[in-house]
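Enquirer: Please see the structure below; I have some questions.
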Amino acid sequence: ELKVEQNPLFLSMQEGKNYTIYCNYSTTSDRLYWYRQDPGKSLESLFVLLSNGAVKQEGRLMASLDTKARLSTLHITAAVHDLSATYFCAVDMNSNYQLIWGAGTKLIIKP
Amino acid sequence: DVKVTQSSRYLVKRTGEKVFLECVQDMDHENMFWYRQDPGLGLRLIYFSYDVKMKEKGDIPEGYSVSREKKERFSLILESASTNQTSMYLCATALWTQETQYFGPGTRLLVL
């Protein structure tokens, strides 16, 4: 079964701290996406990771992909309140047109 | 910038009613998708379309149908709404099927 698992599903942290969200997937893939969703709003693309070892950074967010371990991480550095959102990973499973989505990680950053 | 619009932000319908959700994009993308989003379940694909009049079932097509008569417009139809179809519905578009998807604002549907 094609599965994408994110953890944690819920994360409450203080401003200034670092943390990592994990996205594991169950079969071979060379393409992984990270999206952000603010409360009551739609999804916004953050990163596309296209190959093993890919690393992308935007501000305080850094995403990486290890295709051998079937793992992507989204690292948050010195968190600020504006990063509070739900973060989704989605994986292209190479077999068809679909992306398979994780359940999302709800991140709350407290001042 | 890609713009994806959905016909309603909030919708309340009664059980058994026929419901139309419409999605319009302005970027000439070939591919359009309908998802539903439920807490703890992520996004689940209902249908997608890769060309005008072409459609493919996703993971949860039961109780839904779609229509794509024009490239820019993709409609989701609930033939006879049921309470278990209460959800957030998201439309997305992509230039190619395995490229970044761009999402509309979503329609929150409540079926009573």
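Chain identifiers are assigned as A, B, and so on, following the order in which chains appear in the structure tokens; residues are numbered from 1 within each chain, and ligands are numbered from 1 in order of appearance.
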Contacts from chain B to chain A, 8 Å maximum, only C-alpha atoms: show me the residue list as an NGL selection string.
Expert: :B and (39-45 or 58 or 90 or 97-98 or 100-106)
Enquirer: Which polymer residues have any atom within 6 Å of an atom of stretch 64-72 of chain A, counting only C-alpha atoms, with same-chain residues fewer than 6 positions away left out, as number ranges by chain?
Expert: A: 23-25, 52-55
Enquirer: Give me the residues near A:Arg60 as a list in words, where near means some atom within 10 Å (using only C-alpha atoms) and where sequence neighbours in that chain fewer than 4 positions away do not count.
Expert: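 Neighbouring residues, sequence-local ones excluded: Asn18, His75, Ile76, Thr77, Ala78, Ala79, Val80 and Leu83 of chain A.
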Enquirer: Next, write the just-selected residues to a file, as a PDB file, in the first residue's frame, keeping N, CA and C atoms as the atom set.
Expert:
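So the final result, stored in out_24.pdb, reads:
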```pdb
ATOM      1  N   ASN A  18      14.392  25.327  17.550  1.00  0.00           N
ATOM      2  CA  ASN A  18      14.519  24.581  16.289  1.00  0.00           C
ATOM      3  C   ASN A  18      13.738  23.298  16.396  1.00  0.00           C
ATOM      4  N   HIS A  75      12.994  21.289   8.298  1.00  0.00           N
ATOM      5  CA  HIS A  75      13.614  21.798   9.516  1.00  0.00           C
ATOM      6  C   HIS A  75      13.280  23.270   9.693  1.00  0.00           C
ATOM      7  N   ILE A  76      12.909  23.592  10.899  1.00  0.00           N
ATOM      8  CA  ILE A  76      12.549  24.979  11.239  1.00  0.00           C
ATOM      9  C   ILE A  76      13.628  25.524  12.167  1.00  0.00           C
ATOM     10  N   THR A  77      14.218  26.617  11.776  1.00  0.00           N
ATOM     11  CA  THR A  77      15.286  27.217  12.565  1.00  0.00           C
ATOM     12  C   THR A  77      14.790  28.493  13.232  1.00  0.00           C
ATOM     13  N   ALA A  78      15.014  28.601  14.528  1.00  0.00           N
ATOM     14  CA  ALA A  78      14.645  29.806  15.289  1.00  0.00           C
ATOM     15  C   ALA A  78      13.226  30.245  14.950  1.00  0.00           C
ATOM     16  N   ALA A  79      12.299  29.379  15.280  1.00  0.00           N
ATOM     17  CA  ALA A  79      10.893  29.547  14.863  1.00  0.00           C
ATOM     18  C   ALA A  79      10.338  30.913  15.283  1.00  0.00           C
ATOM     19  N   VAL A  80       9.483  31.445  14.406  1.00  0.00           N
ATOM     20  CA  VAL A  80       8.737  32.673  14.711  1.00  0.00           C
ATOM     21  C   VAL A  80       7.247  32.380  14.555  1.00  0.00           C
ATOM     22  N   LEU A  83       5.273  31.373  11.345  1.00  0.00           N
ATOM     23  CA  LEU A  83       5.392  30.040  10.748  1.00  0.00           C
ATOM     24  C   LEU A  83       4.320  29.082  11.245  1.00  0.00           C
TER      25      LEU A  83
END
```
Enquirer: Return the single residue from B:Tyr10, B:Phe33, B:Phe74, B:Phe20 that is closest to B:Trp96, with distances computed using only C-alpha atoms.
Expert: B:Phe33
Enquirer: Quick one: residues within 7 Å of B:Tyr89, only C-alpha atoms, excluding same-chain residues fewer than 5 positions away - as a VMD selection string?
Expert: chain B and resid 35 to 37 106 to 108
Enquirer: Would you put the residues from that selection into a file with C-alpha atoms, as a compact mmCIF listing (two decimals), in the first residue's frame?
Expert:
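Saved the output as selection.txt:
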```
# COMPACT_ATOMS: atom_id res chain seq x y z
CA TYR B 35 -9.59 16.80 -3.45
CA ARG B 36 -11.41 16.60 -0.22
CA GLN B 37 -9.66 17.45 3.01
CA GLY B 106 -11.41 25.77 -0.98
CA THR B 107 -15.13 25.28 -0.46
CA ARG B 108 -16.33 24.24 2.96
```
